[in-house]
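Right, one structure below, let's go through it.
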Amino acid sequence: MKITVGVVGLGLIGASFAKAYKENGEGATVYGWNRTKSITQMAQMQGIIDDELTDENLGKCDLVILSLYPEATIEWMENHKEHFNKEGMVIDACGTKRLVCEKAFKMAEENGFLFVGCHPMAGTKFSGMTHARGDMYKGAPMVVVPPVFDDMFLLDRVKDLLAPCGFGSFHLAHADEHDKMIAFTSQMAHLVSNAYIKSPSARNHKGFSAGSYKDMTRVAWLNPTMWTQLFMENKDNLIFEIDHLQEELAKYRKALVEDDFDGLRDLLDEGRQIKEEVDGI
């Protein structure tokens, strides 16, 4: 199936979508839009997109991928809601889903187009179109937040439209469920890593670090503006995870202060057992 795709936002995520369709889409036409027009022009020069996405060709798109910050996603949809293809699909790629889905589902219903919330679970520590890859999503999970859960064919349609991207699995979720889980699996990892690297010992670690240090600090290298917005929009779930972690860390600290060898060993063994139960050996 030859597909026409519009990509809004040509940063790392959006440009990787565009590249995936150009490289694997069997003649796909890809239109692109970016707030900074020079980025759009550069994408066209590099063959990442075929042309700029406009109100005139927006209605030709079988799929529109909104790869902006959550608030910017809603604003862009609001400004272009009358131009979407009524037979096509609009998805987003935001890291939180409650704000986007609540407003986008309503907007789509009122204006006669289909919106499906999506979150590709892929990325790198780098940002920007320069680091985009056509294989960014190969084998990665895609979380899908549909407007309804009784449409048997909707997920198949999502899979078909996203086939050139090569996602390894698709998972349905409600927006609330998504945001609760993403606070644990993604946002806490970024926050803890970012705080951990602020230790006064960090600047002197050369020669004393191995894989565990690199694993713990990899995602400290983040986009501050993007993650600030995502953290604030999901602050209730993130605060819950922070509070729980602080409670657990207090137990380890107490055992150390009190020279409680058995208590510390039990805490460590408890964590080991839970890791085994959750993720396997």
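We name chains A, B, ... following the order of the structure tokens; residues begin at 1 in each chain, and ligands are numbered from 1 as shown.
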Cut-off 10 Å: closest range 73-138 of chain A/range 231-254 of chain A atom pairs per residue, using only C-alpha atoms, as CSV:
```
residue,atom,partner,partner_atom,distance
A:Gly95,CA,A:Phe231,CA,9.6
A:Thr96,CA,A:Asn234,CA,7.0
A:Lys97,CA,A:Asn234,CA,9.1
A:Arg98,CA,A:Glu233,CA,8.4
A:Leu99,CA,A:Glu233,CA,7.6
```
Neighbours of Asp50 in chain A within 8 Å (only C-alpha atoms; same-chain residues fewer than 6 positions away dropped), as an mmCIF file with all heavy atoms, in the first residue's frame?
```
data_model
loop_
_atom_site.group_PDB
_atom_site.id
_atom_site.type_symbol
_atom_site.label_atom_id
_atom_site.label_comp_id
_atom_site.auth_asym_id
_atom_site.auth_seq_id
_atom_site.Cartn_x
_atom_site.Cartn_y
_atom_site.Cartn_z
ATOM 1 N N THR A 29 4.955 8.872 0.168
ATOM 2 C CA THR A 29 5.148 10.320 0.087
ATOM 3 C C THR A 29 5.124 10.881 1.500
ATOM 4 O O THR A 29 4.199 10.606 2.265
ATOM 5 C CB THR A 29 4.030 10.979 -0.747
ATOM 6 O OG1 THR A 29 4.075 10.454 -2.081
ATOM 7 C CG2 THR A 29 4.215 12.490 -0.796
ATOM 8 N N VAL A 30 6.144 11.649 1.851
ATOM 9 C CA VAL A 30 6.253 12.179 3.205
ATOM 10 C C VAL A 30 6.328 13.699 3.156
ATOM 11 O O VAL A 30 7.239 14.268 2.539
ATOM 12 C CB VAL A 30 7.489 11.622 3.938
ATOM 13 C CG1 VAL A 30 7.575 12.209 5.351
ATOM 14 C CG2 VAL A 30 7.445 10.094 3.995
ATOM 15 N N TYR A 31 5.362 14.338 3.789
ATOM 16 C CA TYR A 31 5.374 15.780 3.963
ATOM 17 C C TYR A 31 5.806 16.078 5.395
ATOM 18 O O TYR A 31 5.489 15.328 6.318
ATOM 19 C CB TYR A 31 3.982 16.377 3.732
ATOM 20 C CG TYR A 31 3.443 16.165 2.338
ATOM 21 C CD1 TYR A 31 2.272 15.422 2.130
ATOM 22 C CD2 TYR A 31 4.066 16.715 1.226
ATOM 23 C CE1 TYR A 31 1.756 15.227 0.863
ATOM 24 C CE2 TYR A 31 3.566 16.532 -0.053
ATOM 25 C CZ TYR A 31 2.407 15.789 -0.238
ATOM 26 O OH TYR A 31 1.907 15.601 -1.489
ATOM 27 N N GLY A 32 6.518 17.203 5.588
ATOM 28 C CA GLY A 32 6.991 17.531 6.926
ATOM 29 C C GLY A 32 6.814 18.993 7.266
ATOM 30 O O GLY A 32 6.835 19.860 6.385
ATOM 31 N N GLN A 44 14.052 18.534 3.510
ATOM 32 C CA GLN A 44 13.726 18.308 2.096
ATOM 33 C C GLN A 44 14.999 18.145 1.270
ATOM 34 O O GLN A 44 15.082 17.257 0.406
ATOM 35 C CB GLN A 44 12.880 19.461 1.559
ATOM 36 C CG GLN A 44 12.350 19.209 0.152
ATOM 37 C CD GLN A 44 11.375 20.279 -0.302
ATOM 38 O OE1 GLN A 44 11.014 21.184 0.467
ATOM 39 N NE2 GLN A 44 10.938 20.191 -1.545
#
```
Rows by chain and residue number, range 149-192 of chain A within 9 Å of range 205-217 of chain A, shortest pair, only C-alpha atoms, as a tab-separated table:
```
residue	atom	partner	partner_atom	distance
A:Ala189	CA	A:Met216	CA	8.2
A:His190	CA	A:Thr217	CA	8.5
A:Val192	CA	A:Met216	CA	8.4
```
Would you save the residues from that selection as an mmCIF file, in the first residue's frame, using N, CA, C and O atoms?
```cif
data_model
loop_
_atom_site.group_PDB
_atom_site.id
_atom_site.type_symbol
_atom_site.label_atom_id
_atom_site.label_comp_id
_atom_site.auth_asym_id
_atom_site.auth_seq_id
_atom_site.Cartn_x
_atom_site.Cartn_y
_atom_site.Cartn_z
ATOM 1 N N ALA A 189 13.542 7.057 35.930
ATOM 2 C CA ALA A 189 14.906 6.737 35.504
ATOM 3 C C ALA A 189 15.659 7.998 35.100
ATOM 4 O O ALA A 189 16.834 8.185 35.457
ATOM 5 N N HIS A 190 14.985 8.882 34.377
ATOM 6 C CA HIS A 190 15.619 10.124 33.962
ATOM 7 C C HIS A 190 15.868 11.045 35.163
ATOM 8 O O HIS A 190 16.937 11.667 35.276
ATOM 9 N N VAL A 192 16.114 10.257 38.480
ATOM 10 C CA VAL A 192 17.108 9.718 39.410
ATOM 11 C C VAL A 192 18.503 9.815 38.809
ATOM 12 O O VAL A 192 19.477 10.186 39.492
#
```
*So which residues of range 79-229 of chain A fall under strand (DSSP E) by DSSP, listed as a ChimeraX atom specification?*
/A:89-92,114-120,141-145,169-172
_range 141-154 of chain A surroundings by only C-alpha atoms, 6 Å radius, close-in-sequence under 2 positions cut, as a PyMOL selection string_ = chain A and resi 116-121+156-157+167-174
*asked:* Just checking: using only C-alpha atoms, which residue out of A:Met107, A:Leu264, A:Pro200, A:Ala15 ends up closest to Ala132 in chain A?
replied: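 Smallest distance to Ala132 in chain A is found for A:Ala15.
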*Name all residues at most 10 Å from range 35-37 of chain A (count only C-alpha atoms; drop same-chain ones fewer than 5 positions away) and give them as an MDAnalysis selection string.*
chainID A and resid 8:10 42:43 52 68
Could those residues be written to a file, using C-alpha atoms, as a PDB file, in the first residue's frame?
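And here is the file that came out, selection-v2.pdb:
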```pdb
ATOM      1  CA  VAL A   8       4.735  17.502  12.333  1.00  0.00           C
ATOM      2  CA  GLY A   9       7.946  18.263  14.216  1.00  0.00           C
ATOM      3  CA  LEU A  10      11.228  17.196  12.623  1.00  0.00           C
ATOM      4  CA  MET A  42      17.062  21.029   5.299  1.00  0.00           C
ATOM      5  CA  ALA A  43      14.913  17.895   5.667  1.00  0.00           C
ATOM      6  CA  GLU A  52       6.569  20.851   3.256  1.00  0.00           C
ATOM      7  CA  LEU A  68       5.772  17.922  19.341  1.00  0.00           C
TER       8      LEU A  68
END
```
*Which residues, written as a ChimeraX atom specification, have at least one atom at most 10 Å from Ala255 in chain A, with only C-alpha atoms counted and residues fewer than 6 positions away on the same chain left out?*
/A:261-265,267
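Considering only C-alpha atoms, the residue among A:Ala93, A:Ile3, A:Ile39, A:Val219 positioned nearest to Met129 in chain A is A:Ile39.
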*Using backbone DSSP assignments, extract all alpha helix (DSSP H) residues from range 51-177 of chain A; output them as a PyMOL selection string.*
chain A and resi 55-58+70-80+98-111+154-161+175-177
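You can rank A:Glu177, A:Ile48, A:Leu53, A:Glu78 by their closest distance to Asn34 in chain A using only C-alpha atoms, and at the top of that list sits A:Leu53.
Put simply, CA of Phe184 in chain A is 13.1 Å away from CA of Leu230 in chain A.
If only C-alpha atoms are the atoms counted, then among A:Arg272, A:Asp92, A:Gly25, A:Lys81 the closest residue to Glu110 in chain A is A:Lys81.
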*Would you mind listing what lies within 12 Å of Tyr21 in chain A as a ChimeraX atom specification, with only C-alpha atoms counted and same-chain residues fewer than 3 positions away left out?*
/A:1-7,14-18,24-32,47-50,63,65,133-137,161-166
_Which of A:Ser201, A:Ser186, A:Gln229, A:Asn85 sits closest to Ala122 in chain A [using only C-alpha atoms]_ =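 Selected residue with least distance to Ala122 in chain A: A:Ser186.
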*Record the distance separating CA of Ile13 in chain A and CA of Asn223 in chain A, expressed in Å with one decimal.*
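Distance reported for this atom pair: 12.8 Å.
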